[in-house]
file target26.pdb (PDB, C-alpha atoms)
ATOM      1  CA  MET A 853      15.917  -5.788  52.681
ATOM      2  CA  ARG A 854      13.103  -7.427  50.752
ATOM      3  CA  LYS A 855       9.626  -6.311  51.750
ATOM      4  CA  GLU A 856       6.978  -9.031  51.615
ATOM      5  CA  LYS A 857       3.587  -8.245  50.124
ATOM      6  CA  LEU A 858       0.735  -8.522  52.594
ATOM      7  CA  THR A 859      -2.098 -10.651  51.256
ATOM      8  CA  LEU A 860      -5.470 -10.076  52.826
ATOM      9  CA  SER A 861      -8.659 -12.087  52.542
ATOM     10  CA  PHE A 862     -11.998 -12.067  54.328
ATOM     11  CA  GLU A 863     -14.031 -15.074  55.395
ATOM     12  CA  PHE A 864     -17.824 -14.952  55.486
ATOM     13  CA  PHE A 865     -20.448 -17.370  56.718
ATOM     14  CA  PRO A 866     -23.287 -18.163  54.299
ATOM     15  CA  ALA A 867     -26.283 -15.908  54.815
ATOM     16  CA  LYS A 868     -29.331 -17.644  56.281
ATOM     17  CA  SER A 869     -31.869 -15.208  54.854
ATOM     18  CA  GLU A 870     -32.201 -12.592  52.137
ATOM     19  CA  GLU A 871     -31.972  -9.885  54.805
ATOM     20  CA  GLY A 872     -28.766 -11.429  56.111
ATOM     21  CA  LEU A 873     -27.381 -11.608  52.596
ATOM     22  CA  GLU A 874     -28.101  -7.920  52.008
ATOM     23  CA  LYS A 875     -26.208  -7.070  55.211
ATOM     24  CA  LEU A 876     -23.315  -9.264  54.095
ATOM     25  CA  LEU A 877     -23.147  -7.513  50.713
ATOM     26  CA  LYS A 878     -23.012  -4.167  52.500
ATOM     27  CA  VAL A 879     -20.150  -5.383  54.723
ATOM     28  CA  GLN A 880     -18.303  -6.592  51.617
ATOM     29  CA  GLN A 881     -18.566  -3.097  50.136
ATOM     30  CA  GLU A 882     -17.347  -1.534  53.379
ATOM     31  CA  LEU A 883     -14.296  -3.843  53.423
ATOM     32  CA  ALA A 884     -13.478  -3.405  49.722
ATOM     33  CA  PRO A 885     -11.199  -0.345  50.256
ATOM     34  CA  LEU A 886      -8.808  -2.661  52.154
ATOM     35  CA  ASN A 887      -8.136  -4.376  48.776
ATOM     36  CA  PRO A 888      -8.400  -8.027  49.777
ATOM     37  CA  GLU A 889      -7.083 -10.531  47.257
ATOM     38  CA  PHE A 890     -10.253 -12.549  47.737
ATOM     39  CA  CYS A 891     -13.047 -13.350  50.123
ATOM     40  CA  SER A 892     -14.237 -16.820  51.024
ATOM     41  CA  VAL A 893     -17.481 -18.397  52.179
ATOM     42  CA  THR A 894     -17.503 -21.250  54.677
ATOM     43  CA  PHE A 895     -18.908 -24.703  54.039
ATOM     44  CA  GLY A 896     -20.382 -26.761  56.876
ATOM     45  CA  ALA A 897     -19.145 -30.233  57.743
ATOM     46  CA  GLY A 898     -20.675 -32.815  55.463
ATOM     47  CA  GLY A 899     -21.875 -30.005  53.205
ATOM     48  CA  THR A 900     -24.534 -28.763  55.642
ATOM     49  CA  THR A 901     -24.422 -25.236  54.197
ATOM     50  CA  GLN A 902     -23.511 -26.285  50.642
ATOM     51  CA  ASP A 903     -26.446 -24.612  48.865
ATOM     52  CA  ARG A 904     -26.165 -21.414  50.893
ATOM     53  CA  THR A 905     -22.417 -21.333  50.264
ATOM     54  CA  LEU A 906     -22.918 -21.337  46.487
ATOM     55  CA  VAL A 907     -25.691 -18.709  46.572
ATOM     56  CA  THR A 908     -23.613 -16.477  48.849
ATOM     57  CA  VAL A 909     -20.530 -16.801  46.614
ATOM     58  CA  GLN A 910     -22.600 -15.981  43.535
ATOM     59  CA  ARG A 911     -24.082 -12.858  45.112
ATOM     60  CA  LEU A 912     -20.727 -11.672  46.481
ATOM     61  CA  ARG A 913     -19.204 -12.082  43.007
ATOM     62  CA  GLU A 914     -22.056 -10.056  41.466
ATOM     63  CA  ASN A 915     -21.631  -7.344  44.102
ATOM     64  CA  SER A 916     -17.911  -6.692  43.676
ATOM     65  CA  SER A 917     -14.866  -7.273  41.495
ATOM     66  CA  ILE A 918     -13.170  -8.992  44.458
ATOM     67  CA  ASP A 919     -12.640 -12.681  43.737
ATOM     68  CA  CYS A 920     -14.715 -14.991  45.921
ATOM     69  CA  ALA A 921     -13.947 -18.598  46.822
ATOM     70  CA  PRO A 922     -16.223 -21.183  48.387
ATOM     71  CA  HIS A 923     -14.719 -23.370  51.069
ATOM     72  CA  LEU A 924     -14.778 -27.025  50.150
ATOM     73  CA  SER A 925     -14.627 -29.365  53.115
ATOM     74  CA  CYS A 926     -14.053 -33.060  52.453
ATOM     75  CA  ILE A 927     -14.946 -34.452  55.877
ATOM     76  CA  GLY A 928     -17.805 -36.922  55.494
ATOM     77  CA  ALA A 929     -17.847 -36.443  51.707
ATOM     78  CA  SER A 930     -17.683 -39.014  48.952
ATOM     79  CA  ARG A 931     -15.574 -38.677  45.823
ATOM     80  CA  GLU A 932     -18.791 -38.551  43.802
ATOM     81  CA  SER A 933     -20.270 -35.701  45.870
ATOM     82  CA  ILE A 934     -17.037 -33.680  45.615
ATOM     83  CA  ALA A 935     -16.844 -34.309  41.839
ATOM     84  CA  ASN A 936     -20.443 -33.121  41.463
ATOM     85  CA  LEU A 937     -19.738 -30.010  43.498
ATOM     86  CA  LEU A 938     -16.591 -29.246  41.487
ATOM     87  CA  ASN A 939     -18.665 -29.467  38.305
ATOM     88  CA  THR A 940     -21.286 -27.147  39.801
ATOM     89  CA  TYR A 941     -18.650 -24.615  40.786
ATOM     90  CA  ARG A 942     -16.958 -24.819  37.381
ATOM     91  CA  ASP A 943     -20.337 -24.453  35.623
ATOM     92  CA  ASN A 944     -20.967 -21.316  37.702
ATOM     93  CA  GLY A 945     -17.678 -19.692  36.687
ATOM     94  CA  ILE A 946     -15.934 -20.207  40.017
ATOM     95  CA  THR A 947     -12.163 -20.502  39.622
ATOM     96  CA  ARG A 948     -10.878 -20.281  43.213
ATOM     97  CA  LEU A 949     -11.522 -22.696  46.101
ATOM     98  CA  VAL A 950     -10.443 -22.995  49.713
ATOM     99  CA  ALA A 951      -9.757 -26.721  50.126
ATOM    100  CA  LEU A 952     -10.103 -27.983  53.693
ATOM    101  CA  ARG A 953     -10.433 -31.206  55.567
ATOM    102  CA  GLY A 954     -12.946 -29.686  57.963
ATOM    103  CA  ASP A 955     -13.718 -30.568  61.540
ATOM    104  CA  MET A 956     -15.288 -33.880  62.438
ATOM    105  CA  PRO A 957     -18.867 -33.306  63.593
ATOM    106  CA  SER A 958     -19.630 -34.520  67.089
ATOM    107  CA  GLY A 959     -20.297 -38.246  67.063
ATOM    108  CA  MET A 960     -18.733 -38.850  63.639
ATOM    109  CA  ARG A 961     -16.167 -41.632  63.859
ATOM    110  CA  GLU A 962     -14.930 -41.953  60.259
ATOM    111  CA  PRO A 963     -13.968 -39.008  58.053
ATOM    112  CA  GLY A 964     -15.457 -40.428  54.838
ATOM    113  CA  GLU A 965     -13.556 -41.087  51.623
ATOM    114  CA  PHE A 966     -11.019 -38.345  52.356
ATOM    115  CA  SER A 967      -9.016 -38.350  55.584
ATOM    116  CA  TYR A 968      -6.954 -35.207  54.987
ATOM    117  CA  ALA A 969      -7.056 -32.042  52.902
ATOM    118  CA  ASN A 970      -4.045 -33.114  50.818
ATOM    119  CA  GLU A 971      -6.175 -35.993  49.515
ATOM    120  CA  LEU A 972      -8.871 -33.481  48.574
ATOM    121  CA  VAL A 973      -6.329 -31.283  46.759
ATOM    122  CA  GLU A 974      -4.995 -34.311  44.844
ATOM    123  CA  PHE A 975      -8.557 -35.273  43.885
ATOM    124  CA  ILE A 976      -9.414 -31.733  42.728
ATOM    125  CA  ARG A 977      -6.307 -31.654  40.531
ATOM    126  CA  ALA A 978      -7.040 -35.135  39.107
ATOM    127  CA  GLU A 979     -10.638 -34.139  38.310
ATOM    128  CA  THR A 980     -10.163 -30.563  37.087
ATOM    129  CA  GLY A 981      -6.484 -30.040  36.312
ATOM    130  CA  ASN A 982      -5.516 -26.440  36.993
ATOM    131  CA  HIS A 983      -9.001 -24.971  36.536
ATOM    132  CA  PHE A 984      -9.158 -23.928  40.189
ATOM    133  CA  HIS A 985      -6.734 -21.698  42.058
ATOM    134  CA  LEU A 986      -6.531 -23.522  45.396
ATOM    135  CA  GLU A 987      -6.124 -21.951  48.793
ATOM    136  CA  VAL A 988      -5.467 -24.211  51.760
ATOM    137  CA  ALA A 989      -5.366 -23.671  55.504
ATOM    138  CA  ALA A 990      -3.315 -25.101  58.318
ATOM    139  CA  TYR A 991      -3.279 -24.925  62.076
ATOM    140  CA  PRO A 992      -0.659 -22.491  63.420
ATOM    141  CA  GLU A 993       0.109 -25.051  66.109
ATOM    142  CA  PHE A 994      -0.245 -28.776  65.567
ATOM    143  CA  HIS A 995      -3.636 -30.249  64.672
ATOM    144  CA  PRO A 996      -5.871 -30.925  67.710
ATOM    145  CA  GLN A 997      -6.268 -34.560  66.712
ATOM    146  CA  ALA A 998      -2.506 -35.137  66.425
ATOM    147  CA  THR A 999      -0.805 -36.808  69.376
ATOM    148  CA  SER A1000       2.090 -34.308  69.262
ATOM    149  CA  ALA A1001       3.676 -31.620  67.111
ATOM    150  CA  SER A1002       6.295 -34.061  65.780
ATOM    151  CA  ALA A1003       3.614 -36.653  64.941
ATOM    152  CA  ASP A1004       1.676 -33.950  63.099
ATOM    153  CA  LEU A1005       4.703 -33.060  60.970
TER     154      LEU A1005
END
call {"tool": "encode", "arguments": {"input": "target26.pdb", "output": "structure tokens"}}
result
Amino acid sequence: MRKEKLTLSFEFFPAKSEEGLEKLLKVQQELAPLNPEFCSVTFGAGGTTQDRTLVTVQRLRENSSIDCAPHLSCIGASRESIANLLNTYRDNGITRLVALRGDMPSGMREPGEFSYANELVEFIRAETGNHFHLEVAAYPEFHPQATSASADL
């Protein structure tokens, strides 16, 4: 019987203050003995936490040898803004991303230039080749905006 390897990762929210960041770095150290493959830092819809995401990723990377990946949400984003962010991440030595569609903010009717995460992944590959190791996420059930499980598939 083949035994599958368990892959573990931790997801953090960007710190809102220096004090919060120091607490987050301490938690990262406390979780390190569990040997996660990577940790990730969330990214608000439309890039609302974009700057804090990058700062948090940078500090987590400085604090540990555990790889750290920023989330990259495409909802409400333009191709230009994503390209700029990819360049920023590449310039900062980041090589892993969590590529997501993201949730539509309340009141938003159109998703922007990307409707789905697969379009974001295709764009990242077209812009950067294989520079980034990409993680993706999916709903364990069907997507809440899908009319049914079969329509979602």
call {"tool": "resolve_selection", "arguments": {"input": "target26.pdb", "expression": "the PyMOL selection byres ((chain A and resi 874-885) around 10)", "output": "list in words"}}
result
Phe862, Phe864, Phe865, Pro866, Ala867, Ser869, Glu870, Glu871, Gly872, Leu873, Leu886, Asn887, Pro888, Glu889, Phe890, Cys891, Thr908, Arg911, Leu912, Arg913, Glu914, Asn915, Ser916, Ser917 and Ile918 of chain A
call {"tool": "residues_around", "arguments": {"input": "target26.pdb", "residues": "range 939-942 of chain A", "least_positions_apart": "3", "cutoff": "12 Å", "atoms": "only C-alpha atoms", "output": "MDAnalysis selection string"}}
result
chainID A and resid 902:903 905:907 909:910 920:924 932:936 945:949 976 979:985
call {"tool": "resolve_selection", "arguments": {"input": "target26.pdb", "expression": "the PyMOL selection byres ((chain A and resi 1004) around 12)", "output": "VMD selection string"}}
result
chain A and resid 968 990 to 1003 1005
call {"tool": "atom_distance", "arguments": {"input": "target26.pdb", "atom1": "CA of Arg904 in chain A", "atom2": "CA of Glu863 in chain A"}}
result
14.4 Å
call {"tool": "atom_distance", "arguments": {"input": "target26.pdb", "atom1": "CA of Ala929 in chain A", "atom2": "CA of Phe966 in chain A"}}
result
7.1 Å
call {"tool": "atom_distance", "arguments": {"input": "target26.pdb", "atom1": "CA of Asp943 in chain A", "atom2": "CA of Val893 in chain A"}}
result
17.9 Å
call {"tool": "decode", "arguments": {"input": "target26.pdb", "residues": "range 910-954 of chain A", "atoms": "N, CA and C atoms", "output": "mmCIF file, in the first residue's frame"}}
result
data_model
loop_
_atom_site.group_PDB
_atom_site.id
_atom_site.type_symbol
_atom_site.label_atom_id
_atom_site.label_comp_id
_atom_site.auth_asym_id
_atom_site.auth_seq_id
_atom_site.Cartn_x
_atom_site.Cartn_y
_atom_site.Cartn_z
ATOM 1 N N GLN A 910 7.616 39.439 3.180
ATOM 2 C CA GLN A 910 9.046 39.728 3.317
ATOM 3 C C GLN A 910 9.538 39.427 4.731
ATOM 4 N N ARG A 911 8.789 39.860 5.722
ATOM 5 C CA ARG A 911 9.221 39.644 7.112
ATOM 6 C C ARG A 911 9.155 38.166 7.489
ATOM 7 N N LEU A 912 8.137 37.449 7.045
ATOM 8 C CA LEU A 912 8.057 36.019 7.320
ATOM 9 C C LEU A 912 9.234 35.274 6.686
ATOM 10 N N ARG A 913 9.615 35.674 5.483
ATOM 11 C CA ARG A 913 10.748 35.045 4.797
ATOM 12 C C ARG A 913 12.056 35.314 5.531
ATOM 13 N N GLU A 914 12.196 36.520 6.095
ATOM 14 C CA GLU A 914 13.403 36.869 6.855
ATOM 15 C C GLU A 914 13.466 36.112 8.172
ATOM 16 N N ASN A 915 12.316 35.756 8.704
ATOM 17 C CA ASN A 915 12.193 35.165 10.035
ATOM 18 C C ASN A 915 12.398 33.657 10.057
ATOM 19 N N SER A 916 12.324 33.012 8.878
ATOM 20 C CA SER A 916 12.335 31.554 8.855
ATOM 21 C C SER A 916 12.810 31.051 7.498
ATOM 22 N N SER A 917 13.224 29.811 7.449
ATOM 23 C CA SER A 917 13.591 29.192 6.170
ATOM 24 C C SER A 917 12.373 28.597 5.465
ATOM 25 N N ILE A 918 11.203 28.695 6.072
ATOM 26 C CA ILE A 918 9.969 28.189 5.471
ATOM 27 C C ILE A 918 9.584 29.113 4.310
ATOM 28 N N ASP A 919 9.318 28.530 3.163
ATOM 29 C CA ASP A 919 8.918 29.317 2.001
ATOM 30 C C ASP A 919 7.617 30.052 2.311
ATOM 31 N N CYS A 920 7.455 31.222 1.744
ATOM 32 C CA CYS A 920 6.257 32.025 2.002
ATOM 33 C C CYS A 920 5.718 32.561 0.679
ATOM 34 N N ALA A 921 4.416 32.420 0.496
ATOM 35 C CA ALA A 921 3.769 32.795 -0.759
ATOM 36 C C ALA A 921 2.669 33.820 -0.519
ATOM 37 N N PRO A 922 2.702 34.927 -1.251
ATOM 38 C CA PRO A 922 1.565 35.842 -1.177
ATOM 39 C C PRO A 922 0.401 35.279 -1.975
ATOM 40 N N HIS A 923 -0.808 35.513 -1.485
ATOM 41 C CA HIS A 923 -1.985 35.229 -2.299
ATOM 42 C C HIS A 923 -2.054 36.303 -3.369
ATOM 43 N N LEU A 924 -2.559 35.944 -4.507
ATOM 44 C CA LEU A 924 -2.763 36.888 -5.593
ATOM 45 C C LEU A 924 -4.172 36.683 -6.105
ATOM 46 N N SER A 925 -5.041 37.611 -5.764
ATOM 47 C CA SER A 925 -6.442 37.544 -6.160
ATOM 48 C C SER A 925 -6.655 38.414 -7.391
ATOM 49 N N CYS A 926 -7.372 37.884 -8.379
ATOM 50 C CA CYS A 926 -7.554 38.631 -9.625
ATOM 51 C C CYS A 926 -8.889 39.361 -9.699
ATOM 52 N N ILE A 927 -9.765 39.165 -8.741
ATOM 53 C CA ILE A 927 -11.080 39.799 -8.809
ATOM 54 C C ILE A 927 -10.917 41.323 -8.772
ATOM 55 N N GLY A 928 -11.498 41.999 -9.727
ATOM 56 C CA GLY A 928 -11.422 43.453 -9.787
ATOM 57 C C GLY A 928 -10.091 43.988 -10.282
ATOM 58 N N ALA A 929 -9.182 43.111 -10.698
ATOM 59 C CA ALA A 929 -7.844 43.539 -11.115
ATOM 60 C C ALA A 929 -7.756 43.687 -12.628
ATOM 61 N N SER A 930 -6.841 44.530 -13.051
ATOM 62 C CA SER A 930 -6.548 44.659 -14.475
ATOM 63 C C SER A 930 -5.302 43.830 -14.795
ATOM 64 N N ARG A 931 -5.124 43.534 -16.064
ATOM 65 C CA ARG A 931 -3.918 42.817 -16.485
ATOM 66 C C ARG A 931 -2.672 43.637 -16.135
ATOM 67 N N GLU A 932 -2.758 44.938 -16.316
ATOM 68 C CA GLU A 932 -1.618 45.805 -16.005
ATOM 69 C C GLU A 932 -1.268 45.753 -14.514
ATOM 70 N N SER A 933 -2.283 45.815 -13.644
ATOM 71 C CA SER A 933 -1.997 45.801 -12.205
ATOM 72 C C SER A 933 -1.402 44.458 -11.774
ATOM 73 N N ILE A 934 -1.893 43.362 -12.349
ATOM 74 C CA ILE A 934 -1.337 42.041 -12.024
ATOM 75 C C ILE A 934 0.097 41.940 -12.545
ATOM 76 N N ALA A 935 0.353 42.413 -13.768
ATOM 77 C CA ALA A 935 1.713 42.383 -14.321
ATOM 78 C C ALA A 935 2.664 43.181 -13.435
ATOM 79 N N ASN A 936 2.233 44.340 -12.975
ATOM 80 C CA ASN A 936 3.070 45.159 -12.095
ATOM 81 C C ASN A 936 3.359 44.436 -10.784
ATOM 82 N N LEU A 937 2.347 43.793 -10.237
ATOM 83 C CA LEU A 937 2.528 43.072 -8.985
ATOM 84 C C LEU A 937 3.450 41.865 -9.170
ATOM 85 N N LEU A 938 3.312 41.156 -10.274
ATOM 86 C CA LEU A 938 4.208 40.038 -10.567
ATOM 87 C C LEU A 938 5.654 40.513 -10.637
ATOM 88 N N ASN A 939 5.873 41.654 -11.278
ATOM 89 C CA ASN A 939 7.228 42.216 -11.353
ATOM 90 C C ASN A 939 7.746 42.584 -9.967
ATOM 91 N N THR A 940 6.890 43.152 -9.136
ATOM 92 C CA THR A 940 7.283 43.505 -7.772
ATOM 93 C C THR A 940 7.662 42.256 -6.992
ATOM 94 N N TYR A 941 6.848 41.231 -7.087
ATOM 95 C CA TYR A 941 7.149 39.988 -6.380
ATOM 96 C C TYR A 941 8.453 39.368 -6.898
ATOM 97 N N ARG A 942 8.618 39.329 -8.203
ATOM 98 C CA ARG A 942 9.845 38.769 -8.777
ATOM 99 C C ARG A 942 11.059 39.582 -8.322
ATOM 100 N N ASP A 943 10.937 40.914 -8.346
ATOM 101 C CA ASP A 943 12.040 41.786 -7.920
ATOM 102 C C ASP A 943 12.391 41.603 -6.444
ATOM 103 N N ASN A 944 11.437 41.111 -5.656
ATOM 104 C CA ASN A 944 11.657 40.891 -4.231
ATOM 105 C C ASN A 944 12.020 39.444 -3.910
ATOM 106 N N GLY A 945 12.336 38.660 -4.940
ATOM 107 C CA GLY A 945 12.810 37.300 -4.735
ATOM 108 C C GLY A 945 11.732 36.287 -4.407
ATOM 109 N N ILE A 946 10.487 36.649 -4.609
ATOM 110 C CA ILE A 946 9.384 35.721 -4.331
ATOM 111 C C ILE A 946 9.249 34.770 -5.510
ATOM 112 N N THR A 947 9.145 33.475 -5.203
ATOM 113 C CA THR A 947 9.077 32.463 -6.269
ATOM 114 C C THR A 947 7.861 31.550 -6.150
ATOM 115 N N ARG A 948 7.011 31.789 -5.166
ATOM 116 C CA ARG A 948 5.805 30.971 -4.978
ATOM 117 C C ARG A 948 4.629 31.918 -4.789
ATOM 118 N N LEU A 949 3.506 31.599 -5.441
ATOM 119 C CA LEU A 949 2.273 32.383 -5.319
ATOM 120 C C LEU A 949 1.097 31.446 -5.086
ATOM 121 N N VAL A 950 0.070 31.973 -4.425
ATOM 122 C CA VAL A 950 -1.216 31.295 -4.347
ATOM 123 C C VAL A 950 -2.156 32.103 -5.247
ATOM 124 N N ALA A 951 -2.498 31.535 -6.394
ATOM 125 C CA ALA A 951 -3.311 32.222 -7.392
ATOM 126 C C ALA A 951 -4.786 31.916 -7.160
ATOM 127 N N LEU A 952 -5.565 32.969 -6.970
ATOM 128 C CA LEU A 952 -6.983 32.832 -6.630
ATOM 129 C C LEU A 952 -7.836 33.790 -7.445
ATOM 130 N N ARG A 953 -9.052 33.424 -7.637
ATOM 131 C CA ARG A 953 -10.013 34.369 -8.200
ATOM 132 C C ARG A 953 -10.352 35.407 -7.141
ATOM 133 N N GLY A 954 -10.706 34.949 -5.959
ATOM 134 C CA GLY A 954 -11.123 35.840 -4.887
ATOM 135 C C GLY A 954 -12.630 36.003 -4.889
#
